[in-house]
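Coordinates from my_file.cif are shown below (mmCIF, C-alpha atoms).
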data_entry
#
loop_
_atom_site.label_atom_id
_atom_site.label_comp_id
_atom_site.auth_asym_id
_atom_site.auth_seq_id
_atom_site.Cartn_x
_atom_site.Cartn_y
_atom_site.Cartn_z
CA MET A 488 0.00 0.00 0.00
CA ASN A 489 1.21 3.46 -0.90
CA THR A 490 1.69 5.46 2.28
CA SER A 491 2.06 8.87 0.69
CA HIS A 492 -1.71 9.42 0.54
CA PRO A 493 -4.28 9.90 3.31
CA ILE A 494 -6.28 6.83 4.30
CA SER A 495 -9.88 6.72 3.07
CA GLU A 496 -11.25 7.48 6.55
CA THR A 497 -9.28 10.73 6.58
CA LEU A 498 -10.63 11.72 3.18
CA ALA A 499 -14.17 10.92 4.33
CA ALA A 500 -13.65 13.02 7.46
CA TYR A 501 -12.38 15.89 5.31
CA ALA A 502 -15.42 15.75 3.05
CA SER A 503 -17.89 15.39 5.90
CA GLY A 504 -16.37 18.34 7.75
CA GLY A 505 -15.27 16.24 10.71
CA LEU A 506 -11.55 17.07 10.54
CA LYS A 507 -10.08 19.77 12.72
CA THR A 508 -8.77 22.85 10.95
CA GLY A 509 -5.06 22.07 11.17
CA ALA A 510 -5.57 18.57 9.80
CA ARG A 511 -7.78 20.04 7.09
CA LEU A 512 -5.07 22.44 6.02
CA VAL A 513 -2.41 19.73 5.96
CA LEU A 514 -4.71 17.59 3.84
CA GLY A 515 -5.37 20.61 1.62
CA VAL A 516 -1.67 20.80 0.78
CA HIS A 517 -1.79 17.18 -0.32
CA LEU A 518 -5.00 17.72 -2.31
CA ARG A 519 -3.42 20.58 -4.23
CA ALA A 520 -0.77 18.14 -5.43
CA CYS A 521 -2.78 14.94 -5.78
CA ALA A 522 -5.43 14.60 -8.48
CA ALA A 523 -6.41 11.10 -7.33
CA CYS A 524 -7.30 12.25 -3.81
CA ARG A 525 -9.04 15.34 -5.20
CA ARG A 526 -11.16 13.02 -7.29
CA GLU A 527 -11.94 11.00 -4.17
CA ILE A 528 -13.12 14.17 -2.41
CA GLU A 529 -15.28 15.00 -5.44
CA ARG A 530 -16.86 11.56 -5.16
CA LEU A 531 -17.53 12.07 -1.47
CA ASP A 532 -18.94 15.55 -2.11
CA ASN A 533 -21.23 14.00 -4.71
CA LEU A 534 -22.39 11.57 -2.05
CA GLY A 535 -22.98 14.47 0.33
CA GLY A 536 -24.90 16.29 -2.40
CA ALA A 537 -27.14 13.29 -3.02
CA LEU A 538 -27.86 12.96 0.70
CA LEU A 539 -28.48 16.71 0.95
CA ALA A 540 -30.94 16.57 -1.95
CA ASP A 541 -32.81 13.90 0.00
CA GLU A 542 -33.02 15.86 3.25
CA GLU A 543 -36.52 16.33 4.65
CA PRO A 544 -36.90 20.11 4.27
CA VAL A 545 -37.13 22.30 7.37
CA ALA A 546 -39.09 25.48 6.61
CA MET A 547 -37.13 28.72 6.55
CA GLU A 548 -38.47 31.65 8.58
CA PRO A 549 -40.86 33.99 6.78
CA GLY A 550 -38.92 36.66 4.91
CA ALA A 551 -35.71 34.60 4.72
CA LEU A 552 -35.65 34.67 0.93
CA ALA A 553 -36.37 38.42 0.80
CA ARG A 554 -33.61 39.11 3.32
CA THR A 555 -31.13 36.98 1.40
CA LEU A 556 -32.09 38.58 -1.93
CA ALA A 557 -31.58 42.01 -0.36
CA ALA A 558 -28.12 40.95 0.82
CA LEU A 559 -26.94 39.66 -2.57
CA ASP A 560 -25.19 42.87 -3.54
CA THR A 561 -23.58 43.59 -0.19
CA PRO A 562 -19.79 43.44 -0.23
CA GLU A 563 -18.06 40.13 0.36
CA PRO A 564 -16.83 39.38 3.85
CA PRO A 565 -13.14 40.13 4.53
CA ARG A 566 -10.56 37.67 3.36
CA ARG A 567 -9.72 34.72 5.47
CA LEU A 568 -6.48 33.69 7.02
CA SER A 569 -4.71 31.40 4.60
CA LEU A 570 -2.01 28.86 5.22
CA ASP A 571 0.33 30.82 2.96
CA VAL A 572 -0.11 33.97 5.04
CA ALA A 573 0.13 32.11 8.35
CA MET A 574 3.41 30.55 7.23
CA GLN A 575 4.94 34.00 6.69
CA ARG A 576 4.21 34.92 10.29
CA GLY A 577 5.75 33.62 13.49
CA VAL A 578 9.29 32.88 14.50
CA TRP A 579 11.56 30.02 13.50
CA LEU A 580 13.06 28.30 16.52
CA PRO A 581 16.20 26.22 16.21
CA ALA A 582 15.61 22.52 16.87
CA GLY A 583 19.07 21.11 16.26
CA PRO A 584 21.79 21.67 13.66
CA GLY A 585 20.18 22.61 10.35
CA VAL A 586 16.70 22.12 11.77
CA ALA A 587 14.08 24.69 12.78
CA VAL A 588 10.43 24.63 13.70
CA LYS A 589 7.73 27.27 13.62
CA ARG A 590 4.40 26.99 15.36
CA LEU A 591 1.34 28.01 13.36
CA GLY A 592 -0.95 28.71 16.26
CA ARG A 593 -4.00 30.77 15.43
CA ILE A 594 -4.83 28.93 12.27
CA ALA A 595 -5.27 25.51 13.97
CA ASP A 596 -8.05 24.42 16.30
CA PRO A 597 -7.61 24.13 20.08
CA GLY A 598 -5.83 20.89 20.99
CA GLU A 599 -4.03 20.78 17.66
CA HIS A 600 -0.34 21.44 17.16
CA LEU A 601 0.44 22.74 13.71
CA PHE A 602 4.12 23.15 12.91
CA LEU A 603 6.29 24.10 10.03
CA ILE A 604 9.43 21.99 10.07
CA ARG A 605 12.55 22.92 8.11
CA ALA A 606 15.46 20.54 7.88
CA ALA A 607 18.64 20.86 5.83
CA GLY A 608 19.50 17.92 3.58
CA GLY A 609 20.69 14.90 5.55
CA ARG A 610 19.31 16.22 8.85
CA PRO A 611 16.70 14.32 10.87
CA LEU A 612 13.31 15.97 11.29
CA PRO A 613 12.46 16.44 14.98
CA GLU A 614 10.93 13.27 16.39
CA HIS A 615 8.12 13.47 18.85
CA GLY A 616 5.69 11.25 20.61
CA HIS A 617 2.06 12.29 20.47
CA SER A 618 -1.16 11.00 21.93
CA GLY A 619 -3.16 11.32 18.70
CA PRO A 620 -2.34 10.68 15.06
CA GLU A 621 0.25 12.79 13.28
CA ARG A 622 -0.17 14.03 9.74
CA LEU A 623 2.85 15.32 7.91
CA VAL A 624 2.90 16.80 4.42
CA VAL A 625 5.91 17.85 2.35
CA LEU A 626 5.84 21.42 1.02
CA THR A 627 9.25 21.44 -0.67
CA GLY A 628 12.17 19.05 -0.82
CA ALA A 629 11.86 15.48 0.34
CA PHE A 630 12.46 13.23 3.32
CA GLU A 631 13.01 9.55 3.86
CA ASP A 632 11.88 7.38 6.72
CA THR A 633 11.73 3.70 7.52
CA GLN A 634 8.81 3.33 5.09
CA GLY A 635 10.06 5.15 2.02
CA ARG A 636 10.74 8.48 0.37
CA TYR A 637 8.31 11.38 0.39
CA GLY A 638 8.40 14.34 -1.97
CA GLN A 639 6.36 17.47 -2.54
CA GLY A 640 2.68 17.02 -1.66
CA ASP A 641 3.14 13.56 -0.17
CA LEU A 642 1.31 13.00 3.06
CA VAL A 643 2.18 10.63 5.88
CA GLU A 644 -0.23 9.56 8.60
CA ARG A 645 1.21 7.95 11.69
CA GLY A 646 -0.32 6.46 14.82
CA PRO A 647 0.59 7.76 18.29
CA GLN A 648 3.31 5.20 18.93
CA ASP A 649 4.94 5.17 15.51
CA ARG A 650 8.52 6.33 15.48
CA HIS A 651 9.39 6.89 11.89
CA GLN A 652 12.79 8.59 12.03
CA PRO A 653 12.34 10.91 9.09
CA ILE A 654 15.51 12.37 7.56
CA ALA A 655 15.62 15.19 4.99
CA CYS A 656 17.02 13.89 1.70
CA GLU A 657 20.52 15.03 0.80
CA GLY A 658 21.00 18.02 -1.44
CA GLU A 659 18.02 20.22 -0.55
CA THR A 660 16.18 21.65 2.40
CA CYS A 661 12.97 19.87 3.30
CA LEU A 662 10.00 21.96 4.40
CA CYS A 663 7.06 20.13 5.96
CA ILE A 664 3.90 20.86 7.87
CA SER A 665 3.00 18.59 10.75
CA VAL A 666 -0.22 18.45 12.71
CA THR A 667 -0.83 16.43 15.86
CA GLU A 668 -3.36 16.38 18.62
CA GLY A 669 -2.90 16.02 22.35
CA PRO A 670 0.20 16.66 24.44
CA LEU A 671 3.46 16.58 22.53
CA LYS A 672 6.73 15.09 23.65
CA LEU A 673 9.66 16.19 21.59
CA SER A 674 12.85 14.20 21.84
CA GLY A 675 16.49 15.05 21.30
CA ILE A 676 17.50 18.66 20.79
CA ALA A 677 13.99 19.71 19.89
CA ARG A 678 13.07 19.05 23.53
CA TRP A 679 14.95 22.22 24.48
CA VAL A 680 12.68 24.47 22.52
CA GLN A 681 9.51 22.78 23.69
CA PRO A 682 8.78 25.39 26.40
CA MET A 683 9.18 28.18 23.83
CA LEU A 684 6.72 26.46 21.53
CA GLY A 685 4.14 26.42 24.26
CA VAL A 686 3.34 22.74 23.93
CA MET B 1391 -20.23 -11.08 6.65
CA ASP B 1392 -22.69 -8.61 5.31
CA VAL B 1393 -24.87 -10.46 2.84
CA ALA B 1394 -26.13 -7.21 1.40
CA PHE B 1395 -23.07 -7.11 -0.82
CA ALA B 1396 -24.05 -10.04 -2.95
CA TRP B 1397 -24.02 -9.13 -6.60
CA PRO B 1398 -26.29 -8.39 -8.44
CA ILE B 1399 -27.97 -5.92 -6.15
CA PRO B 1400 -31.11 -7.44 -4.67
CA ASP B 1401 -34.23 -5.46 -5.45
CA ARG B 1402 -35.32 -3.88 -2.19
CA SER B 1403 -37.67 -1.32 -3.61
CA SER B 1404 -40.65 -3.00 -1.99
CA SER B 1405 -39.02 -3.19 1.43
CA PRO B 1406 -40.91 -1.06 3.97
CA ARG B 1407 -37.66 -0.45 5.89
CA ARG B 1408 -36.10 1.42 3.03
CA PRO B 1409 -34.80 4.82 4.21
CA ARG B 1410 -36.07 7.83 2.38
CA VAL B 1411 -33.79 7.96 -0.62
CA SER B 1412 -35.95 8.57 -3.61
CA ALA B 1413 -35.33 6.67 -6.80
CA PRO B 1414 -33.66 8.49 -9.66
CA GLY B 1415 -36.23 10.13 -11.85
CA ALA B 1416 -38.52 10.94 -8.93
CA GLU B 1417 -37.60 14.61 -9.25
CA ASP B 1418 -37.28 14.81 -12.98
CA THR B 1419 -39.54 17.82 -12.95
CA GLU B 1420 -36.86 19.76 -11.06
CA ARG B 1421 -33.87 21.00 -12.96
CA PRO B 1422 -30.57 19.97 -11.44
CA ALA B 1423 -28.93 22.50 -9.17
CA ALA B 1424 -26.05 22.85 -11.62
CA ALA B 1425 -28.20 24.59 -14.23
CA GLN B 1426 -29.23 27.27 -11.77
CA ILE B 1427 -25.76 27.76 -10.36
CA LEU B 1428 -24.45 28.23 -13.90
CA ALA B 1429 -27.22 30.73 -14.64
CA ILE B 1430 -26.11 32.73 -11.59
CA ALA B 1431 -22.46 32.52 -12.64
CA GLN B 1432 -23.11 33.51 -16.26
CA ARG B 1433 -25.70 36.26 -15.92
CA GLY B 1434 -26.35 36.94 -12.22
CA ASP B 1435 -29.76 35.36 -12.66
CA ARG B 1436 -31.82 36.23 -9.59
CA SER B 1437 -34.78 34.07 -10.53
CA ALA B 1438 -32.42 31.07 -10.78
CA PHE B 1439 -31.16 31.97 -7.32
CA THR B 1440 -34.72 32.17 -6.02
CA LEU B 1441 -35.47 28.69 -7.38
CA LEU B 1442 -32.31 27.38 -5.78
CA PHE B 1443 -33.14 29.03 -2.47
CA VAL B 1444 -36.69 27.69 -2.36
CA ARG B 1445 -35.51 24.18 -3.08
CA PHE B 1446 -32.25 23.98 -1.17
CA ALA B 1447 -32.39 26.41 1.77
CA PRO B 1448 -34.82 24.15 3.70
CA LYS B 1449 -32.59 21.13 2.99
CA VAL B 1450 -29.44 22.98 4.00
CA LYS B 1451 -31.19 24.07 7.17
CA ALA B 1452 -32.15 20.46 7.92
CA PHE B 1453 -28.52 19.42 7.38
CA LEU B 1454 -27.20 22.17 9.67
CA ILE B 1455 -29.70 21.21 12.38
CA ARG B 1456 -28.65 17.57 11.96
CA ARG B 1457 -25.07 18.66 12.62
CA GLY B 1458 -26.00 20.70 15.68
CA ALA B 1459 -25.34 24.18 14.24
CA ARG B 1460 -26.14 26.89 16.76
CA ALA B 1461 -28.07 29.29 14.52
CA PRO B 1462 -29.21 27.14 11.59
CA GLU B 1463 -31.58 29.74 10.11
CA GLU B 1464 -28.94 32.49 9.89
CA LEU B 1465 -26.26 30.05 8.81
CA THR B 1466 -28.48 28.75 6.02
CA GLN B 1467 -28.97 32.29 4.73
CA GLU B 1468 -25.19 32.69 4.79
CA VAL B 1469 -24.78 29.45 2.86
CA MET B 1470 -27.21 30.62 0.19
CA LEU B 1471 -25.46 33.99 0.01
CA SER B 1472 -22.17 32.12 -0.57
CA VAL B 1473 -23.87 30.13 -3.32
CA TRP B 1474 -24.62 33.44 -5.04
CA ARG B 1475 -21.17 34.92 -4.48
CA LYS B 1476 -19.16 31.84 -5.36
CA ALA B 1477 -21.22 30.66 -8.30
CA ALA B 1478 -18.39 31.57 -10.70
CA TYR B 1479 -16.20 28.99 -8.96
CA PHE B 1480 -18.65 26.15 -9.53
CA ASP B 1481 -17.15 23.67 -11.93
CA PRO B 1482 -19.71 21.11 -13.16
CA VAL B 1483 -16.90 18.90 -14.39
CA ARG B 1484 -15.79 18.37 -10.81
CA GLY B 1485 -19.11 17.33 -9.36
CA THR B 1486 -22.83 17.94 -9.11
CA GLY B 1487 -24.42 21.23 -8.14
CA GLU B 1488 -25.85 19.46 -5.11
CA ALA B 1489 -22.33 18.40 -4.11
CA TRP B 1490 -21.13 21.97 -4.46
CA ILE B 1491 -23.92 23.28 -2.21
CA PHE B 1492 -23.18 20.49 0.26
CA ALA B 1493 -19.51 21.55 0.35
CA ILE B 1494 -20.48 25.20 0.96
CA ALA B 1495 -22.82 24.15 3.79
CA ARG B 1496 -20.11 21.97 5.31
CA ASN B 1497 -17.59 24.81 5.15
CA ALA B 1498 -20.11 27.21 6.70
CA LEU B 1499 -20.49 24.74 9.55
CA ILE B 1500 -16.72 24.69 10.07
CA ASP B 1501 -16.65 28.51 9.95
CA SER B 1502 -19.42 28.78 12.52
CA ILE B 1503 -17.51 26.60 14.96
CA ARG B 1504 -14.35 28.71 14.48
CA ARG B 1505 -16.36 31.89 14.96
CA GLN B 1506 -17.97 30.63 18.17
CA ARG B 1507 -14.49 30.15 19.58
CA GLY B 1508 -13.27 33.53 18.40
CA HIS B 1509 -10.76 32.06 15.96
CA PRO B 1510 -10.02 33.67 12.60
CA LEU B 1511 -11.74 32.04 9.64
CA VAL B 1512 -9.45 29.99 7.47
CA GLU B 1513 -9.25 29.68 3.71
CA MET B 1514 -10.02 26.04 3.13
CA ASP B 1515 -10.85 24.16 -0.02
CA PRO B 1516 -7.81 24.56 -2.26
CA ALA B 1517 -9.62 23.35 -5.35
CA ALA B 1518 -12.53 25.74 -4.88
CA ASN B 1519 -10.40 28.73 -5.82
CA ALA B 1520 -9.18 27.50 -9.15
CA PRO B 1521 -12.05 27.71 -11.62
CA GLU B 1522 -11.47 25.98 -14.91
CA PRO B 1523 -12.98 27.15 -18.18
CA VAL B 1524 -16.53 25.95 -18.53
CA ARG B 1525 -17.07 23.69 -21.54
CA GLY B 1526 -20.11 23.44 -23.73
CA ASP B 1527 -22.83 20.93 -22.89
CA VAL B 1528 -21.83 20.94 -19.23
CA GLU B 1529 -25.44 21.45 -18.17
CA LEU B 1530 -26.47 18.19 -19.75
CA GLU B 1531 -23.46 16.41 -18.32
CA ALA B 1532 -24.13 17.85 -14.88
CA ALA B 1533 -27.74 16.71 -15.00
CA GLU B 1534 -26.64 13.24 -16.01
CA GLU B 1535 -24.03 13.07 -13.28
CA ALA B 1536 -26.50 14.20 -10.61
CA ARG B 1537 -28.90 11.49 -11.74
CA ARG B 1538 -26.25 8.80 -11.67
CA VAL B 1539 -24.93 9.80 -8.26
CA ARG B 1540 -28.45 9.49 -6.90
CA ALA B 1541 -28.76 6.12 -8.58
CA ALA B 1542 -25.50 5.00 -6.93
CA VAL B 1543 -26.75 5.98 -3.48
CA THR B 1544 -30.08 4.31 -4.16
CA ALA B 1545 -28.26 1.11 -5.10
CA LEU B 1546 -26.95 0.72 -1.55
CA SER B 1547 -28.87 -1.48 0.85
CA PRO B 1548 -30.98 0.29 3.52
CA GLU B 1549 -28.49 -0.89 6.17
CA GLN B 1550 -25.62 0.59 4.20
CA ILE B 1551 -27.35 3.91 3.61
CA GLU B 1552 -28.09 4.08 7.31
CA VAL B 1553 -24.44 3.78 8.40
CA VAL B 1554 -23.19 6.04 5.59
CA LYS B 1555 -25.68 8.71 6.61
CA LEU B 1556 -24.84 8.48 10.29
CA SER B 1557 -21.10 8.44 9.77
CA PHE B 1558 -20.54 10.69 6.78
CA PHE B 1559 -23.54 13.00 6.72
CA ASP B 1560 -24.18 13.28 10.46
CA ASP B 1561 -20.49 12.97 11.34
CA ARG B 1562 -21.22 10.66 14.29
CA PRO B 1563 -18.36 8.61 15.76
CA HIS B 1564 -18.43 4.86 15.14
CA PRO B 1565 -19.07 3.84 18.79
CA GLU B 1566 -22.11 6.12 18.90
CA ILE B 1567 -23.46 4.61 15.68
CA ALA B 1568 -22.94 1.12 17.11
CA ALA B 1569 -24.83 2.04 20.26
CA ARG B 1570 -27.64 3.68 18.34
CA LEU B 1571 -28.14 0.75 15.99
CA GLY B 1572 -27.50 -1.90 18.64
CA LEU B 1573 -24.66 -3.40 16.59
CA PRO B 1574 -21.14 -4.47 17.52
CA LEU B 1575 -18.55 -1.80 16.70
CA GLY B 1576 -16.80 -4.16 14.29
CA THR B 1577 -20.01 -4.64 12.31
CA VAL B 1578 -20.49 -0.89 11.99
CA LYS B 1579 -16.93 -0.45 10.77
CA SER B 1580 -17.04 -3.27 8.25
CA ARG B 1581 -20.48 -2.28 6.99
CA LEU B 1582 -19.31 1.29 6.50
CA ARG B 1583 -16.12 0.23 4.80
CA LEU B 1584 -17.98 -2.04 2.40
CA ALA B 1585 -20.62 0.61 1.72
CA MET B 1586 -18.00 3.23 0.91
CA ARG B 1587 -16.13 0.80 -1.31
CA ARG B 1588 -19.33 -0.10 -3.11
CA LEU B 1589 -20.22 3.57 -3.57
CA ARG B 1590 -16.78 4.24 -4.90
CA THR B 1591 -17.23 1.56 -7.52
CA LEU B 1592 -20.67 2.83 -8.41
CA LEU B 1593 -19.54 6.46 -8.57
CA ASP B 1594 -16.56 5.49 -10.68
CA ASP B 1595 -19.01 4.29 -13.30
CA VAL B 1596 -20.37 7.83 -13.37
CA ARG B 1597 -17.52 8.94 -15.59
#
Hey, can you dump this file as structure tokens for me?
Amino acid sequence: MNTSHPISETLAAYASGGLKTGARLVLGVHLRACAACRREIERLDNLGGALLADEEPVAMEPGALARTLAALDTPEPPRRLSLDVAMQRGVWLPAGPGVAVKRLGRIADPGEHLFLIRAAGGRPLPEHGHSGPERLVVLTGAFEDTQGRYGQGDLVERGPQDRHQPIACEGETCLCISVTEGPLKLSGIARWVQPMLGV
Amino acid sequence: MDVAFAWPIPDRSSSPRRPRVSAPGAEDTERPAAAQILAIAQRGDRSAFTLLFVRFAPKVKAFLIRRGARAPEELTQEVMLSVWRKAAYFDPVRGTGEAWIFAIARNALIDSIRRQRGHPLVEMDPAANAPEPVRGDVELEAAEEARRVRAAVTALSPEQIEVVKLSFFDDRPHPEIAARLGLPLGTVKSRLRLAMRRLRTLLDDVR
């Protein structure tokens, strides 16, 4: 089985709206790169649409249509916070030679830890134990772990106990986004910056 | 082993336990949502929007109530407003109009939870912001796809539709579904997995 794609349960949770925001964003990075998983989401949305079309209607309040029609030409709501913007903010903290992490706080949901991880070629990505699943997606570069090699857009899902020892591939810097839930336990040098990360 | 997966599909149309999923063709008198969304996108057609509102707002509201939204009436109006504003992003090649409205309602639900907690709203669906040029004949294709998706859902057994609805549409956790249906957790999981696999096969035939 190819491990560089989300499992079907994760895709279903994305389409149903059950995923937390950080996990959603990490999956979004993968979806931008992966036509097969996008197609899967389209299928699931089609399912949602069919179920929606079958909903037993609940009457809207009187005047709802008139109010909505009157609002059609009002200006659009302000722009939302995007992952791209959030990544420009915040401070990189060193997490070992050639390795740095940056917490993306406000964009994730409570209980989630969303991190940018940057590792120079040949350097290990910070390892950490976590009580929930971890999802890691590659933005640029590539890393290798015990399971294989992961390049741009590839997504890895790991259980709480999995230690995967990811190492940035030689020759280029690897930039990843990681999201976990529950208390984090960083190991090695990354442990030193844990208090600064507020986790 | 779930015997409902025997092929060919047993005819269950006479079963009184069948959940309310109408057979394809039952709403042939209604144009598919895609046609109206395209009319909004192409010429800001307010009467198309009105038709869409009358038909879908009460269904969106039902969905939002199902998911425990705090202010379903207001949120539904917001969803319909988004339908108007985002119509140009609707791509009938990517899915049905109903699916597109479903996705907007789902995203509105996510927004409302963020807002309740005082968190900034987040730009979400990456694909939604990259409209592709609309081809000719898409209306016909969209209508056909909507019909076939409905047919695929209708082809599931009542037991399968039940777990798919509870898990995917209602977003209920597996243990809760097991408790509600009085089934072992393993049965819920395997039934759901098989149902989703079956749907996948059926929806693949759509293209």
Q) For the file shown, what are the residues hit by the PyMOL selection byres ((chain B) within 7 of (chain A)), laid out as a ChimeraX atom specification? A) /B:1411,1448-1449,1451-1453,1463,1467,1471,1484-1486,1488-1489,1492-1493,1496,1500,1509-1517,1539-1540,1558-1559,1561,1593
Q.
Just the number, please: distance in Å from CA of Arg1436 in chain B to CA of Ala1536 in chain B, one decimal.
A. 22.7 Å
Q. Of the candidates A:Ser665, A:Gln639, A:Gln634, A:Gln648, which one gets nearest to Leu603 in chain A if we count all atoms listed in the file?
A. A:Ser665
Q: Calculate how many Å separate CA of Glu1549 in chain B from CA of Arg1581 in chain B, rounding to one decimal.
A: 8.2 Å
(Q) So the first atom is CA of Leu1589 in chain B and the second is CA of Leu1546 in chain B; what is the distance between them in Å, to one decimal place? (A) 7.6 Å
**Q.** Residues returned when the PyMOL selection byres ((chain B and resi 1579) around 10) runs on this file, as a list of chain:residue names
**A.** B:Val1553, B:Ser1557, B:His1564, B:Pro1565, B:Ile1567, B:Ala1568, B:Pro1574, B:Leu1575, B:Gly1576, B:Thr1577, B:Val1578, B:Ser1580, B:Arg1581, B:Leu1582, B:Arg1583, B:Leu1584, B:Ala1585
With 3 Å added on each side, what axis-aligned box encloses every listed atom of range 492-496 of chain A? Give the centre and edge lengths in Å to one decimal, as lines of an AutoDock Vina configuration file.
center_x = -6.5
center_y = 8.3
center_z = 3.5
size_x = 15.5
size_y = 9.2
size_z = 12.0
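Take the candidates B:Arg1538, B:Pro1548, B:Met1586, B:Leu1499 and check each one against Ile1455 in chain B using all atoms listed in the file; the shortest distance goes to B:Leu1499.
Of the listed residues (B:Ile1551, B:Ala1533, B:Ala1498, B:Ala1542), B:Ala1533 comes nearest to Pro1422 in chain B; the distances count all atoms listed in the file.
Once all atoms listed in the file are considered, the residues situated within 8 Å of the file point (-6.5, 17.3, 18.9) turn out to be Lys507, Asp596, Pro597, Gly598, Glu599, His600, Gly619, Thr667, Glu668 and Gly669 of chain A.
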Q: Name the residues in contact with Ser1437 in chain B at a cut-off of 12 Å, using all atoms listed in the file, excluding same-chain residues fewer than 3 positions from it; report them as a VMD selection string.
A: (chain A and resid 552 556) or (chain B and resid 1426 to 1427 1429 to 1430 1433 to 1434 1440 to 1444 1474)
My structure is short of atoms at range 493-510 of chain A; please model N, CA and C atoms there, returning them as a PDB file, keeping the file's coordinate frame.
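The resulting file, rebuild_14.pdb, is reproduced below:
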ATOM      1  N   PRO A 493      -3.460  10.107   2.114  1.00  0.00           N
ATOM      2  CA  PRO A 493      -4.280   9.900   3.310  1.00  0.00           C
ATOM      3  C   PRO A 493      -5.104   8.619   3.189  1.00  0.00           C
ATOM      4  N   ILE A 494      -5.409   8.003   4.324  1.00  0.00           N
ATOM      5  CA  ILE A 494      -6.280   6.830   4.300  1.00  0.00           C
ATOM      6  C   ILE A 494      -7.710   7.285   3.979  1.00  0.00           C
ATOM      7  N   SER A 495      -8.543   6.334   3.541  1.00  0.00           N
ATOM      8  CA  SER A 495      -9.880   6.720   3.070  1.00  0.00           C
ATOM      9  C   SER A 495     -10.724   7.347   4.191  1.00  0.00           C
ATOM     10  N   GLU A 496     -10.498   6.901   5.438  1.00  0.00           N
ATOM     11  CA  GLU A 496     -11.250   7.480   6.550  1.00  0.00           C
ATOM     12  C   GLU A 496     -10.936   8.965   6.700  1.00  0.00           C
ATOM     13  N   THR A 497      -9.674   9.327   6.462  1.00  0.00           N
ATOM     14  CA  THR A 497      -9.280  10.730   6.580  1.00  0.00           C
ATOM     15  C   THR A 497      -9.940  11.564   5.483  1.00  0.00           C
ATOM     16  N   LEU A 498      -9.978  11.012   4.278  1.00  0.00           N
ATOM     17  CA  LEU A 498     -10.630  11.720   3.180  1.00  0.00           C
ATOM     18  C   LEU A 498     -12.129  11.898   3.463  1.00  0.00           C
ATOM     19  N   ALA A 499     -12.741  10.836   4.004  1.00  0.00           N
ATOM     20  CA  ALA A 499     -14.170  10.920   4.330  1.00  0.00           C
ATOM     21  C   ALA A 499     -14.408  11.973   5.409  1.00  0.00           C
ATOM     22  N   ALA A 500     -13.500  12.026   6.390  1.00  0.00           N
ATOM     23  CA  ALA A 500     -13.650  13.020   7.460  1.00  0.00           C
ATOM     24  C   ALA A 500     -13.476  14.439   6.911  1.00  0.00           C
ATOM     25  N   TYR A 501     -12.576  14.585   5.944  1.00  0.00           N
ATOM     26  CA  TYR A 501     -12.380  15.890   5.310  1.00  0.00           C
ATOM     27  C   TYR A 501     -13.666  16.317   4.613  1.00  0.00           C
ATOM     28  N   ALA A 502     -14.233  15.404   3.830  1.00  0.00           N
ATOM     29  CA  ALA A 502     -15.420  15.750   3.050  1.00  0.00           C
ATOM     30  C   ALA A 502     -16.645  15.960   3.937  1.00  0.00           C
ATOM     31  N   SER A 503     -16.708  15.240   5.053  1.00  0.00           N
ATOM     32  CA  SER A 503     -17.890  15.390   5.900  1.00  0.00           C
ATOM     33  C   SER A 503     -17.763  16.613   6.803  1.00  0.00           C
ATOM     34  N   GLY A 504     -16.557  17.171   6.899  1.00  0.00           N
ATOM     35  CA  GLY A 504     -16.370  18.340   7.750  1.00  0.00           C
ATOM     36  C   GLY A 504     -15.965  17.965   9.161  1.00  0.00           C
ATOM     37  N   GLY A 505     -15.593  16.717   9.368  1.00  0.00           N
ATOM     38  CA  GLY A 505     -15.270  16.240  10.710  1.00  0.00           C
ATOM     39  C   GLY A 505     -13.820  16.480  11.131  1.00  0.00           C
ATOM     40  N   LEU A 506     -12.962  16.861  10.184  1.00  0.00           N
ATOM     41  CA  LEU A 506     -11.550  17.070  10.540  1.00  0.00           C
ATOM     42  C   LEU A 506     -11.358  18.421  11.196  1.00  0.00           C
ATOM     43  N   LYS A 507     -10.420  18.475  12.134  1.00  0.00           N
ATOM     44  CA  LYS A 507     -10.080  19.770  12.720  1.00  0.00           C
ATOM     45  C   LYS A 507      -9.343  20.620  11.681  1.00  0.00           C
ATOM     46  N   THR A 508      -9.273  21.912  11.963  1.00  0.00           N
ATOM     47  CA  THR A 508      -8.770  22.850  10.950  1.00  0.00           C
ATOM     48  C   THR A 508      -7.331  22.582  10.528  1.00  0.00           C
ATOM     49  N   GLY A 509      -6.463  22.312  11.504  1.00  0.00           N
ATOM     50  CA  GLY A 509      -5.060  22.070  11.170  1.00  0.00           C
ATOM     51  C   GLY A 509      -4.908  20.854  10.259  1.00  0.00           C
ATOM     52  N   ALA A 510      -5.621  19.792  10.600  1.00  0.00           N
ATOM     53  CA  ALA A 510      -5.570  18.570   9.800  1.00  0.00           C
ATOM     54  C   ALA A 510      -6.136  18.837   8.405  1.00  0.00           C
TER      55      ALA A 510
END
